[in-house]
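J.: File follows, structure_23.pdb with PDB, C-alpha atoms:
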ATOM      1  CA  MET P1015     -95.394 -81.374  18.192
ATOM      2  CA  GLN P1016     -93.285 -78.992  20.281
ATOM      3  CA  ARG P1017     -89.920 -78.182  18.692
ATOM      4  CA  ASN P1018     -87.083 -75.836  19.569
ATOM      5  CA  LEU P1019     -84.560 -73.999  17.392
ATOM      6  CA  LYS P1020     -82.155 -76.955  17.447
ATOM      7  CA  ASP P1021     -84.872 -79.269  16.107
ATOM      8  CA  TYR P1022     -85.613 -76.923  13.214
ATOM      9  CA  ILE P1023     -81.903 -76.646  12.377
ATOM     10  CA  VAL P1024     -81.683 -80.452  12.225
ATOM     11  CA  ILE P1025     -84.756 -80.560   9.956
ATOM     12  CA  GLY P1026     -83.100 -77.948   7.727
ATOM     13  CA  LEU P1027     -79.957 -80.094   7.502
ATOM     14  CA  LYS P1028     -82.087 -83.081   6.502
ATOM     15  CA  GLY P1029     -83.639 -80.866   3.843
ATOM     16  CA  MET P1030     -80.154 -80.003   2.583
ATOM     17  CA  GLY P1031     -79.445 -83.727   2.285
ATOM     18  CA  MET P1032     -82.655 -84.178   0.283
ATOM     19  CA  GLY P1033     -81.763 -81.252  -1.967
ATOM     20  CA  ALA P1034     -78.266 -82.588  -2.613
ATOM     21  CA  ALA P1035     -79.695 -85.990  -3.560
ATOM     22  CA  ASP P1036     -82.369 -84.527  -5.830
ATOM     23  CA  VAL P1037     -79.797 -82.618  -7.883
ATOM     24  CA  VAL P1038     -78.133 -85.905  -8.908
ATOM     25  CA  PRO P1039     -79.904 -87.845 -11.712
ATOM     26  CA  GLY P1040     -80.306 -91.305 -10.187
ATOM     27  CA  VAL P1041     -80.668 -90.520  -6.488
ATOM     28  CA  SER P1042     -83.939 -89.666  -4.733
ATOM     29  CA  GLY P1043     -84.413 -87.033  -2.052
ATOM     30  CA  GLY P1044     -87.287 -89.205  -0.823
ATOM     31  CA  THR P1045     -84.696 -91.834   0.136
ATOM     32  CA  ILE P1046     -82.937 -89.316   2.398
ATOM     33  CA  ALA P1047     -86.282 -88.266   3.910
ATOM     34  CA  PHE P1048     -87.159 -91.895   4.634
ATOM     35  CA  ILE P1049     -83.803 -92.747   6.177
ATOM     36  CA  SER P1050     -83.738 -89.577   8.289
ATOM     37  CA  GLY P1051     -87.160 -90.388   9.760
ATOM     38  CA  ILE P1052     -89.212 -87.472   8.402
ATOM     39  CA  TYR P1053     -90.887 -89.133   5.411
ATOM     40  CA  GLN P1054     -94.343 -89.842   6.824
ATOM     41  CA  GLU P1055     -94.496 -86.511   8.639
ATOM     42  CA  LEU P1056     -93.660 -84.777   5.353
ATOM     43  CA  ILE P1057     -96.395 -86.614   3.446
ATOM     44  CA  GLU P1058     -99.017 -86.066   6.163
ATOM     45  CA  THR P1059     -98.128 -82.383   6.586
ATOM     46  CA  ILE P1060     -98.397 -81.706   2.842
ATOM     47  CA  ASP P1061    -101.680 -83.635   2.629
ATOM     48  CA  ASN P1062    -103.080 -81.583   5.526
ATOM     49  CA  LEU P1063    -102.489 -78.291   3.706
ATOM     50  CA  GLY P1064    -105.542 -76.799   2.054
ATOM     51  CA  ILE P1065    -107.809 -73.796   1.808
ATOM     52  CA  GLY P1066    -108.652 -74.278   5.496
ATOM     53  CA  ILE P1067    -105.280 -72.750   6.382
ATOM     54  CA  LEU P1068    -106.668 -69.283   5.542
ATOM     55  CA  LYS P1069    -109.775 -69.891   7.643
ATOM     56  CA  THR P1070    -107.658 -70.940  10.630
ATOM     57  CA  TRP P1071    -105.468 -67.843  10.201
ATOM     58  CA  LYS P1072    -108.505 -65.561  10.092
ATOM     59  CA  GLN P1073    -110.395 -67.116  13.021
ATOM     60  CA  GLU P1074    -107.596 -68.265  15.362
ATOM     61  CA  GLY P1075    -104.564 -66.217  14.363
ATOM     62  CA  PHE P1076    -101.184 -66.796  12.777
ATOM     63  CA  LYS P1077     -99.660 -68.692  15.723
ATOM     64  CA  LYS P1078    -102.452 -71.271  15.773
ATOM     65  CA  MET P1079    -102.260 -71.689  12.000
ATOM     66  CA  PHE P1080     -98.490 -72.156  12.251
ATOM     67  CA  GLU P1081     -98.937 -74.914  14.865
ATOM     68  CA  VAL P1082    -101.943 -76.719  13.342
ATOM     69  CA  TYR P1083    -100.417 -77.004   9.878
ATOM     70  CA  ASN P1084     -96.878 -77.805  11.084
ATOM     71  CA  LEU P1085     -95.482 -74.895   9.070
ATOM     72  CA  GLY P1086     -92.261 -74.709  11.089
ATOM     73  CA  PHE P1087     -91.373 -78.198   9.883
ATOM     74  CA  LEU P1088     -92.208 -77.419   6.246
ATOM     75  CA  ILE P1089     -90.426 -74.062   6.180
ATOM     76  CA  SER P1090     -87.261 -75.485   7.764
ATOM     77  CA  LEU P1091     -87.234 -78.487   5.439
ATOM     78  CA  PHE P1092     -87.851 -76.571   2.216
ATOM     79  CA  LEU P1093     -85.375 -73.847   3.170
ATOM     80  CA  GLY P1094     -82.802 -76.624   3.549
ATOM     81  CA  ILE P1095     -83.762 -78.158   0.187
ATOM     82  CA  PHE P1096     -83.715 -74.776  -1.571
ATOM     83  CA  THR P1097     -80.387 -73.770  -0.022
ATOM     84  CA  SER P1098     -78.816 -77.069  -1.022
ATOM     85  CA  VAL P1099     -80.118 -76.970  -4.598
ATOM     86  CA  ILE P1100     -79.026 -73.345  -5.088
ATOM     87  CA  SER P1101     -75.565 -73.876  -3.590
ATOM     88  CA  LEU P1102     -74.843 -77.360  -4.940
ATOM     89  CA  ALA P1103     -76.362 -77.309  -8.442
ATOM     90  CA  LYS P1104     -73.189 -75.972 -10.037
ATOM     91  CA  VAL P1105     -70.892 -78.064  -7.788
ATOM     92  CA  ILE P1106     -72.743 -81.310  -8.549
ATOM     93  CA  SER P1107     -72.721 -80.520 -12.274
ATOM     94  CA  PHE P1108     -68.953 -79.927 -12.115
ATOM     95  CA  LEU P1109     -68.293 -83.129 -10.165
ATOM     96  CA  LEU P1110     -70.488 -85.251 -12.446
ATOM     97  CA  GLU P1111     -68.661 -83.866 -15.468
ATOM     98  CA  ASN P1112     -65.126 -84.187 -14.076
ATOM     99  CA  HIS P1113     -65.300 -87.021 -11.491
ATOM    100  CA  PRO P1114     -68.329 -89.139 -12.476
ATOM    101  CA  ILE P1115     -67.027 -92.487 -11.196
ATOM    102  CA  LEU P1116     -66.339 -91.134  -7.710
ATOM    103  CA  VAL P1117     -69.675 -89.311  -7.451
ATOM    104  CA  TRP P1118     -71.684 -92.319  -8.641
ATOM    105  CA  SER P1119     -69.713 -94.648  -6.342
ATOM    106  CA  PHE P1120     -70.660 -92.603  -3.290
ATOM    107  CA  PHE P1121     -74.338 -92.571  -4.218
ATOM    108  CA  PHE P1122     -74.286 -96.265  -5.175
ATOM    109  CA  GLY P1123     -73.172 -97.112  -1.642
ATOM    110  CA  LEU P1124     -75.771 -94.763  -0.215
ATOM    111  CA  VAL P1125     -78.659 -96.291  -2.194
ATOM    112  CA  LEU P1126     -77.463 -99.861  -1.536
ATOM    113  CA  ALA P1127     -77.622 -99.255   2.218
ATOM    114  CA  SER P1128     -81.001 -97.544   1.782
ATOM    115  CA  ILE P1129     -82.393-100.693   0.131
ATOM    116  CA  LEU P1130     -81.458-102.728   3.189
ATOM    117  CA  TYR P1131     -82.896-100.086   5.518
ATOM    118  CA  VAL P1132     -86.268 -99.772   3.760
ATOM    119  CA  GLY P1133     -86.528-103.532   3.188
ATOM    120  CA  LYS P1134     -86.077-104.154   6.920
ATOM    121  CA  GLN P1135     -89.184-102.051   7.628
ATOM    122  CA  ILE P1136     -91.407-104.676   5.942
ATOM    123  CA  LYS P1137     -92.974-106.612   8.813
ATOM    124  CA  LYS P1138     -94.687-109.443   6.955
ATOM    125  CA  TRP P1139     -93.316-111.013   3.759
ATOM    126  CA  ASN P1140     -95.590-112.993   1.444
ATOM    127  CA  ILE P1141     -95.980-113.814  -2.268
ATOM    128  CA  SER P1142     -97.800-110.577  -3.132
ATOM    129  CA  ILE P1143     -95.155-108.460  -1.352
ATOM    130  CA  ILE P1144     -92.358-110.192  -3.288
ATOM    131  CA  LEU P1145     -94.298-109.962  -6.579
ATOM    132  CA  PHE P1146     -94.900-106.214  -6.237
ATOM    133  CA  MET P1147     -91.262-105.659  -5.293
ATOM    134  CA  LEU P1148     -90.123-107.525  -8.423
ATOM    135  CA  ILE P1149     -92.550-105.553 -10.630
ATOM    136  CA  ALA P1150     -91.295-102.276  -9.146
ATOM    137  CA  THR P1151     -87.688-103.389  -9.690
ATOM    138  CA  ALA P1152     -88.378-104.189 -13.339
ATOM    139  CA  LEU P1153     -90.216-100.902 -13.859
ATOM    140  CA  ALA P1154     -87.412 -98.838 -12.304
ATOM    141  CA  TYR P1155     -84.797-100.724 -14.326
ATOM    142  CA  TYR P1156     -86.741-100.054 -17.517
ATOM    143  CA  VAL P1157     -86.818 -96.343 -16.662
ATOM    144  CA  THR P1158     -82.996 -96.360 -16.330
ATOM    145  CA  ILE P1159     -82.529 -97.718 -19.860
ATOM    146  CA  ALA P1160     -85.235 -95.641 -21.558
ATOM    147  CA  THR P1161     -84.177 -93.152 -24.223
ATOM    148  CA  PRO P1162     -84.337 -89.513 -23.027
ATOM    149  CA  SER P1163     -86.489 -87.143 -25.049
ATOM    150  CA  ILE P1164     -85.696 -83.605 -26.193
ATOM    151  CA  ALA P1165     -87.643 -80.919 -24.334
ATOM    152  CA  PRO P1166     -89.030 -77.664 -25.737
ATOM    153  CA  ASP P1167     -87.842 -74.596 -23.828
ATOM    154  CA  GLU P1168     -91.423 -73.512 -23.145
ATOM    155  CA  LEU P1169     -93.135 -72.522 -19.888
ATOM    156  CA  TYR P1170     -95.843 -75.194 -20.164
ATOM    157  CA  TYR P1171     -93.129 -77.881 -20.276
ATOM    158  CA  TYR P1172     -91.478 -76.495 -17.130
ATOM    159  CA  LEU P1173     -94.890 -76.779 -15.430
ATOM    160  CA  ILE P1174     -95.493 -80.360 -16.603
ATOM    161  CA  SER P1175     -91.921 -81.397 -15.785
ATOM    162  CA  GLY P1176     -92.207 -80.042 -12.254
ATOM    163  CA  GLY P1177     -95.480 -81.875 -11.607
ATOM    164  CA  ILE P1178     -94.097 -85.221 -12.812
ATOM    165  CA  ALA P1179     -90.610 -84.910 -11.324
ATOM    166  CA  ILE P1180     -91.779 -83.983  -7.824
ATOM    167  CA  ILE P1181     -93.723 -87.249  -7.603
ATOM    168  CA  ALA P1182     -90.497 -89.122  -8.251
ATOM    169  CA  MET P1183     -88.514 -86.875  -5.933
ATOM    170  CA  ILE P1184     -90.632 -87.813  -2.912
ATOM    171  CA  LEU P1185     -90.619 -91.529  -3.754
ATOM    172  CA  PRO P1186     -87.605 -93.310  -2.244
ATOM    173  CA  GLY P1187     -85.732 -95.007  -5.076
ATOM    174  CA  ILE P1188     -87.144 -92.964  -7.958
ATOM    175  CA  SER P1189     -84.940 -90.035  -8.899
ATOM    176  CA  GLY P1190     -86.841 -86.889  -9.774
ATOM    177  CA  SER P1191     -83.827 -85.463 -11.564
ATOM    178  CA  PHE P1192     -83.501 -88.644 -13.641
ATOM    179  CA  ILE P1193     -87.166 -88.362 -14.607
ATOM    180  CA  LEU P1194     -86.273 -84.851 -15.773
ATOM    181  CA  VAL P1195     -83.479 -86.401 -17.852
ATOM    182  CA  LEU P1196     -85.984 -88.768 -19.486
ATOM    183  CA  LEU P1197     -88.371 -85.869 -20.124
ATOM    184  CA  GLY P1198     -85.451 -84.002 -21.650
ATOM    185  CA  SER P1199     -85.929 -81.096 -19.251
ATOM    186  CA  TYR P1200     -83.070 -81.719 -16.788
ATOM    187  CA  GLY P1201     -80.686 -79.551 -18.811
ATOM    188  CA  ILE P1202     -83.097 -76.666 -19.351
ATOM    189  CA  VAL P1203     -84.215 -76.599 -15.690
ATOM    190  CA  LEU P1204     -80.637 -76.755 -14.379
ATOM    191  CA  SER P1205     -79.578 -74.094 -16.894
ATOM    192  CA  ALA P1206     -82.463 -71.820 -15.896
ATOM    193  CA  LEU P1207     -81.475 -72.171 -12.240
ATOM    194  CA  THR P1208     -77.737 -71.583 -12.740
ATOM    195  CA  ASN P1209     -78.371 -68.761 -15.242
ATOM    196  CA  PHE P1210     -80.705 -67.090 -12.748
ATOM    197  CA  ILE P1211     -78.033 -67.207 -10.042
ATOM    198  CA  GLU P1212     -75.294 -65.937 -12.366
ATOM    199  CA  ALA P1213     -77.487 -63.144 -13.740
ATOM    200  CA  LEU P1214     -78.473 -62.117 -10.216
ATOM    201  CA  LEU P1215     -74.825 -61.886  -9.156
ATOM    202  CA  SER P1216     -73.815 -59.963 -12.293
ATOM    203  CA  GLY P1217     -76.819 -57.633 -12.269
ATOM    204  CA  GLU P1218     -78.209 -58.701 -15.684
ATOM    205  CA  TRP P1219     -81.808 -57.995 -14.722
ATOM    206  CA  GLN P1220     -83.430 -59.040 -18.010
ATOM    207  CA  GLN P1221     -81.830 -62.480 -17.671
ATOM    208  CA  VAL P1222     -82.839 -62.562 -13.996
ATOM    209  CA  LYS P1223     -86.483 -61.958 -14.986
ATOM    210  CA  THR P1224     -86.469 -64.484 -17.856
ATOM    211  CA  ASN P1225     -84.929 -67.312 -15.835
ATOM    212  CA  PHE P1226     -86.899 -66.491 -12.679
ATOM    213  CA  ILE P1227     -90.160 -67.002 -14.601
ATOM    214  CA  LYS P1228     -88.915 -70.408 -15.793
ATOM    215  CA  VAL P1229     -87.802 -71.476 -12.304
ATOM    216  CA  ILE P1230     -90.994 -70.290 -10.592
ATOM    217  CA  THR P1231     -93.146 -72.056 -13.224
ATOM    218  CA  PHE P1232     -91.266 -75.288 -12.521
ATOM    219  CA  ILE P1233     -91.761 -74.778  -8.765
ATOM    220  CA  ILE P1234     -95.517 -74.226  -9.233
ATOM    221  CA  GLY P1235     -95.675 -77.517 -11.140
ATOM    222  CA  CYS P1236     -93.829 -79.194  -8.274
ATOM    223  CA  LEU P1237     -96.232 -77.814  -5.664
ATOM    224  CA  VAL P1238     -99.316 -78.944  -7.579
ATOM    225  CA  GLY P1239     -97.907 -82.435  -8.172
ATOM    226  CA  LEU P1240     -96.763 -82.708  -4.556
ATOM    227  CA  LYS P1241    -100.166 -81.803  -3.159
ATOM    228  CA  LEU P1242    -102.063 -84.206  -5.408
ATOM    229  CA  PHE P1243     -99.742 -87.180  -4.913
ATOM    230  CA  SER P1244     -99.382 -86.752  -1.142
ATOM    231  CA  LYS P1245    -102.963 -87.975  -0.699
ATOM    232  CA  VAL P1246    -102.180 -91.204  -2.550
ATOM    233  CA  LEU P1247     -99.018 -91.802  -0.508
ATOM    234  CA  LYS P1248    -100.743 -91.073   2.792
ATOM    235  CA  TRP P1249    -103.481 -93.599   1.994
ATOM    236  CA  MET P1250    -100.904 -96.195   0.919
ATOM    237  CA  PHE P1251     -98.859 -95.839   4.098
ATOM    238  CA  THR P1252    -102.002 -95.971   6.250
ATOM    239  CA  HIS P1253    -103.686 -98.975   4.617
ATOM    240  CA  LYS P1254    -100.973-100.857   2.668
ATOM    241  CA  LYS P1255     -97.720-100.041   4.424
ATOM    242  CA  ASP P1256     -95.830-103.310   3.793
ATOM    243  CA  LEU P1257     -96.884-103.323   0.136
ATOM    244  CA  THR P1258     -95.810 -99.678  -0.230
ATOM    245  CA  LEU P1259     -92.431-100.392   1.358
ATOM    246  CA  ALA P1260     -91.958-103.366  -0.969
ATOM    247  CA  VAL P1261     -92.637-101.200  -4.024
ATOM    248  CA  LEU P1262     -90.237 -98.516  -2.750
ATOM    249  CA  THR P1263     -87.575-101.161  -2.129
ATOM    250  CA  GLY P1264     -88.061-102.461  -5.672
ATOM    251  CA  PHE P1265     -87.742 -98.952  -7.083
ATOM    252  CA  MET P1266     -84.390 -98.535  -5.342
ATOM    253  CA  ILE P1267     -83.095-101.934  -6.503
ATOM    254  CA  GLY P1268     -84.022-101.133 -10.108
ATOM    255  CA  SER P1269     -82.433 -97.681  -9.907
ATOM    256  CA  LEU P1270     -79.006 -99.164  -9.088
ATOM    257  CA  ASN P1271     -78.407 -99.642 -12.816
ATOM    258  CA  LYS P1272     -78.571 -95.884 -13.347
ATOM    259  CA  ILE P1273     -76.043 -95.051 -10.642
ATOM    260  CA  TRP P1274     -73.573 -97.875 -11.398
ATOM    261  CA  PRO P1275     -70.273 -95.955 -11.688
ATOM    262  CA  TRP P1276     -68.778 -97.633 -14.774
ATOM    263  CA  LYS P1277     -70.550 -96.982 -18.065
ATOM    264  CA  LYS P1278     -69.964 -97.502 -21.757
ATOM    265  CA  VAL P1279     -71.443 -94.893 -24.079
ATOM    266  CA  ILE P1280     -73.700 -96.507 -26.688
ATOM    267  CA  SER P1281     -74.919 -93.366 -28.437
ATOM    268  CA  THR P1282     -74.490 -89.605 -28.116
ATOM    269  CA  ARG P1283     -76.428 -86.421 -28.869
ATOM    270  CA  ILE P1284     -75.613 -82.745 -29.336
ATOM    271  CA  ASP P1285     -76.712 -80.589 -26.384
ATOM    272  CA  ARG P1286     -77.935 -76.975 -26.477
ATOM    273  CA  HIS P1287     -74.359 -75.704 -26.308
ATOM    274  CA  GLY P1288     -73.325 -77.691 -29.382
ATOM    275  CA  GLU P1289     -71.322 -80.219 -27.363
ATOM    276  CA  LYS P1290     -71.485 -84.000 -27.772
ATOM    277  CA  VAL P1291     -72.929 -85.692 -24.651
ATOM    278  CA  PRO P1292     -73.983 -89.314 -23.897
ATOM    279  CA  LEU P1293     -77.542 -90.266 -24.831
ATOM    280  CA  LEU P1294     -77.570 -93.975 -23.960
ATOM    281  CA  GLU P1295     -75.095 -95.744 -21.681
ATOM    282  CA  LYS P1296     -74.572 -99.359 -20.629
ATOM    283  CA  SER P1297     -73.320-100.550 -17.236
ATOM    284  CA  ILE P1298     -70.075-102.523 -17.515
ATOM    285  CA  ALA P1299     -67.584-104.200 -15.165
ATOM    286  CA  PRO P1300     -64.813-101.959 -13.754
ATOM    287  CA  LEU P1301     -62.115-104.037 -15.485
ATOM    288  CA  SER P1302     -63.837-103.518 -18.837
ATOM    289  CA  PHE P1303     -63.863 -99.747 -18.425
ATOM    290  CA  GLU P1304     -61.769 -97.835 -20.950
ATOM    291  CA  GLY P1305     -59.564 -95.472 -18.987
ATOM    292  CA  ASP P1306     -58.851 -95.126 -15.280
ATOM    293  CA  ALA P1307     -61.497 -97.113 -13.384
ATOM    294  CA  GLN P1308     -60.390 -95.517 -10.064
ATOM    295  CA  LEU P1309     -61.434 -98.756  -8.390
ATOM    296  CA  MET P1310     -59.793 -98.167  -5.007
ATOM    297  CA  PHE P1311     -61.230 -94.681  -4.541
ATOM    298  CA  ALA P1312     -64.598 -95.868  -5.889
ATOM    299  CA  ILE P1313     -64.762 -98.641  -3.270
ATOM    300  CA  LEU P1314     -63.781 -96.180  -0.525
ATOM    301  CA  LEU P1315     -66.493 -93.704  -1.504
ATOM    302  CA  ALA P1316     -69.129 -96.441  -1.901
ATOM    303  CA  THR P1317     -68.206 -97.650   1.591
ATOM    304  CA  LEU P1318     -68.495 -94.076   2.871
ATOM    305  CA  GLY P1319     -71.972 -93.704   1.366
ATOM    306  CA  PHE P1320     -73.045 -97.078   2.785
ATOM    307  CA  GLY P1321     -71.646 -96.187   6.209
ATOM    308  CA  LEU P1322     -73.397 -92.804   6.206
ATOM    309  CA  ILE P1323     -76.804 -94.468   5.937
ATOM    310  CA  LEU P1324     -75.920 -96.940   8.724
ATOM    311  CA  LEU P1325     -74.891 -93.998  10.897
ATOM    312  CA  MET P1326     -78.164 -92.175  10.188
ATOM    313  CA  GLU P1327     -80.094 -95.353  11.034
ATOM    314  CA  ARG P1328     -78.243 -95.735  14.332
ATOM    315  CA  ILE P1329     -78.900 -92.085  15.262
ATOM    316  CA  ALA P1330     -82.596 -92.522  14.412
ATOM    317  CA  ILE P1331     -82.829 -95.641  16.613
ATOM    318  CA  GLN P1332     -81.168 -93.862  19.545
ATOM    319  CA  LYS P1333     -83.692 -91.010  19.335
ATOM    320  CA  LYS P1334     -86.665 -93.380  19.636
TER
END
Once you've parsed the file, please lay out its structure as structure tokens.

T.:
Amino acid sequence: MQRNLKDYIVIGLKGMGMGAADVVPGVSGGTIAFISGIYQELIETIDNLGIGILKTWKQEGFKKMFEVYNLGFLISLFLGIFTSVISLAKVISFLLENHPILVWSFFFGLVLASILYVGKQIKKWNISIILFMLIATALAYYVTIATPSIAPDELYYYLISGGIAIIAMILPGISGSFILVLLGSYGIVLSALTNFIEALLSGEWQQVKTNFIKVITFIIGCLVGLKLFSKVLKWMFTHKKDLTLAVLTGFMIGSLNKIWPWKKVISTRIDRHGEKVPLLEKSIAPLSFEGDAQLMFAILLATLGFGLILLMERIAIQKK
């Protein structure tokens, strides 16, 4: 596929959207990839990568390798994801801590529109399609109410967490960052990333080294998990596309419980900084919320998120 600089910039922006979504526990970067029309290309490109890339480089040169393995697409996309995660990790954490209702409202609208978009891609509905969608919905809902574990701050756990979370991150409807929450490693991964950035800016090189090792171990886990699971996804989209779309739609429906803006804290835990934070929460009606429900602004932001997906869909249709 021939692309120019403008195309790669657009791919990078889509990557930034995926990165922003993946930082939020409850929203999937895979949803953004699907809506923006790059999902199947991403899966196929990752699946195509292998040891043969070195052989192509040696025999046919760097340019041919770059073209055959679609590296321009991957580099642009992952640069966008990396840039977004690095720049937004602290911002998202601040917003979730100080304006949770407004943040969750925006993403609730975004995911709600995504459900309609992905569901419309199913060409033939039947009993098995509906059954698998319901099973996926129930499974995703169960994940949202599961009790998070406490993670050891060890390198092997960063590796395992990366391998598991990346599978969720590329599945529309399953939030990789929420899987990290359930594994108990969301806090330690986010802390390692933010501590690395802060240490780099302040010149604390021992802290830079320590946190870099943690971050790179997590990334290695992600790469291994991504490569292994891409084969499964490619086969599913090739041979069972409607069934796959139904499962993805179910995942997104079930995940709505996690990103519902109004919650009641059922139990709490003490985090690594000695502060009390929610452990289990229950979705409640806005009028039952203790405190300012911010209903008007919540509706506005949910509408904005919903409208953003409709706009992306319209742009995608116009490009076809």

J.: Return the single residue from P:Lys1278, P:Phe1048, P:Ser1142, P:Ile1149 that is closest to P:Ile1298, with distances computed using all atoms listed in the file.

T.: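 Once distances to P:Ile1298 are computed over all atoms listed in the file, the minimum belongs to P:Lys1278.
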
J.: If you count only C-alpha atoms, which residues fall within 9 Å of P:Val1117, apart from same-chain ones fewer than 5 positions away, as a list in words?

T.: Ile1106, Leu1109, Leu1110, Phe1122, Pro1275, Ala1312 and Leu1315 of chain P

J.: With C-alpha atoms retained, write the just-selected residues as a short mmCIF file (atom, residue, chain, number, x, y, z; two decimals), keeping the file's coordinate frame.

T.:
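Dumped everything to out-v3.cif:
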data_model
loop_
_atom_site.label_atom_id
_atom_site.label_comp_id
_atom_site.auth_asym_id
_atom_site.auth_seq_id
_atom_site.Cartn_x
_atom_site.Cartn_y
_atom_site.Cartn_z
CA ILE P 1106 -72.74 -81.31 -8.55
CA LEU P 1109 -68.29 -83.13 -10.16
CA LEU P 1110 -70.49 -85.25 -12.45
CA PHE P 1122 -74.29 -96.26 -5.18
CA PRO P 1275 -70.27 -95.96 -11.69
CA ALA P 1312 -64.60 -95.87 -5.89
CA LEU P 1315 -66.49 -93.70 -1.50
#

J.: Which residues fall under the PyMOL selection byres ((chain P and resi 1307) around 12) in this file, as a ChimeraX atom specification?

T.: /P:1113-1116,1119,1275-1278,1298-1306,1308-1313

J.: Can you check which parts of stretch 1122-1180 of chain P lie within 10 Å of stretch 1234-1240 of chain P? Per residue, the shortest pair of atoms and distance in Å to one decimal, counting all atoms listed in the file, sorted by chain and number, as a Markdown table.

T.:
| residue | atom | partner | partner_atom | distance |
| --- | --- | --- | --- | --- |
| P:Tyr1170 | CA | P:Gly1235 | CA | 9.3 |
| P:Tyr1171 | CA | P:Gly1235 | CA | 9.5 |
| P:Tyr1172 | CA | P:Gly1235 | CA | 7.4 |
| P:Leu1173 | CA | P:Gly1235 | CA | 4.4 |
| P:Ile1174 | CA | P:Gly1235 | CA | 6.2 |
| P:Ser1175 | CA | P:Gly1235 | CA | 7.1 |
| P:Gly1176 | CA | P:Cys1236 | CA | 4.4 |
| P:Gly1177 | CA | P:Gly1239 | CA | 4.2 |
| P:Ile1178 | CA | P:Gly1239 | CA | 6.6 |
| P:Ala1179 | CA | P:Cys1236 | CA | 7.2 |
| P:Ile1180 | CA | P:Cys1236 | CA | 5.2 |

J.: With C-alpha atoms retained, could you export that selection as a PDB file, in the frame of the given file?

T.:
ATOM      1  CA  TYR P1170     -95.843 -75.194 -20.164  1.00  0.00           C
ATOM      2  CA  TYR P1171     -93.129 -77.881 -20.276  1.00  0.00           C
ATOM      3  CA  TYR P1172     -91.478 -76.495 -17.130  1.00  0.00           C
ATOM      4  CA  LEU P1173     -94.890 -76.779 -15.430  1.00  0.00           C
ATOM      5  CA  ILE P1174     -95.493 -80.360 -16.603  1.00  0.00           C
ATOM      6  CA  SER P1175     -91.921 -81.397 -15.785  1.00  0.00           C
ATOM      7  CA  GLY P1176     -92.207 -80.042 -12.254  1.00  0.00           C
ATOM      8  CA  GLY P1177     -95.480 -81.875 -11.607  1.00  0.00           C
ATOM      9  CA  ILE P1178     -94.097 -85.221 -12.812  1.00  0.00           C
ATOM     10  CA  ALA P1179     -90.610 -84.910 -11.324  1.00  0.00           C
ATOM     11  CA  ILE P1180     -91.779 -83.983  -7.824  1.00  0.00           C
TER      12      ILE P1180
END

J.: Could you please determine the separation between atom CA of P:Gln1135 and atom CA of P:Leu1257 in Å, to one decimal place?

T.: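 Result for atom CA of P:Gln1135 versus atom CA of P:Leu1257: 10.8 Å, one decimal.
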
J.: Which residues would end up in the selection if the PyMOL selection byres ((chain P and resi 1137) around 12) were applied here, given that I need the answer as a ChimeraX atom specification?

T.: /P:1132-1136,1138-1140,1143,1254-1260

J.: Choose the residue, out of P:Leu1322, P:Ala1150, P:Val1082, P:Met1250, that has the smallest atom-to-atom separation from P:Leu1262; count all atoms listed in the file.

T.: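 Counting all atoms listed in the file, the residue closest to P:Leu1262 is P:Ala1150.
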
J.: For P:Glu1295, list every protein, DNA or RNA residue within 8 Å, evaluated using only C-alpha atoms, and leave out those in the same chain fewer than 3 positions away; present the list as a ChimeraX atom specification.

T.: /P:1159,1277-1281,1292

J.: For P:Leu1063, which of P:Ile1233, P:Ala1035, P:Ala1047, P:Leu1085 is the closest residue, counting all atoms listed in the file?

T.: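 Looking at the shortest contact to P:Leu1063, the residue is P:Leu1085.
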
J.: Where does the PyMOL selection byres ((chain P and resi 1148) around 10) land in this file, that is, which residues does it pick, as a list in words?

T.: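 Matching residues under the PyMOL selection byres ((chain P and resi 1148) around 10) are Ser1142, Ile1143, Ile1144, Leu1145, Phe1146, Met1147, Ile1149, Ala1150, Thr1151, Ala1152, Leu1153, Ala1154, Ala1260, Val1261, Thr1263, Gly1264, Phe1265, Ile1267 and Gly1268 of chain P.
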
J.: Given the choices P:Met1032, P:Val1125, P:Gly1064, P:Thr1161, which gets closest to P:Ser1098 if the distance is worked out from all atoms listed in the file?

T.: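 Between P:Met1032, P:Val1125, P:Gly1064, P:Thr1161, the residue approaching P:Ser1098 most closely is P:Met1032.
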
J.: As lines of an AutoDock Vina configuration file, what would the box around stretch 1252-1264 of chain P look like: edges along x, y and z, 4 Å added on every side, centre and edge lengths in Å to one decimal?

T.:
center_x = -95.6
center_y = -99.7
center_z = 0.3
size_x = 24.1
size_y = 15.4
size_z = 19.9

J.: Mind checking which residues fall within 8 Å of P:Leu1185, counting only C-alpha atoms, ignoring those fewer than 4 positions away in the same chain, and posting them as a list in words?

T.: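 Answer for this query is Ser1042, Gly1043, Gly1044, Thr1045, Ile1181, Ser1189 and Leu1262 of chain P.
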
J.: Rank P:Ala1316, P:Met1266, P:Leu1204, P:Ala1213 by their smallest atom-to-atom distance to P:Val1038, using only C-alpha atoms, and report the top residue only.

T.: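 Looking only at the distances to P:Val1038, the closest residue turns out to be P:Leu1204.
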
J.: May I ask for the distance between atom CA of P:Ala1103 and atom CA of P:Leu1169, given in Å to one decimal place?

T.: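 Straight-line distance from atom CA of P:Ala1103 to atom CA of P:Leu1169 works out to 20.9 Å.
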
J.: Go through P:Trp1071, P:Phe1096, P:Phe1087, P:Phe1251 one by one, measure the shortest atom-to-atom distance of each to P:Leu1019 using all atoms listed in the file, and give the residue with the smallest value.

T.: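 Among P:Trp1071, P:Phe1096, P:Phe1087, P:Phe1251, it is P:Phe1087 that comes nearest to P:Leu1019.
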
J.: For P:Leu1102, please output as a list in words all residues within 9 Å (counting all atoms listed in the file; exclusion window: fewer than 4 positions along the same chain).

T.: Gly1033, Ala1034, Val1037, Thr1097, Ser1098, Ile1106 and Ser1107 of chain P
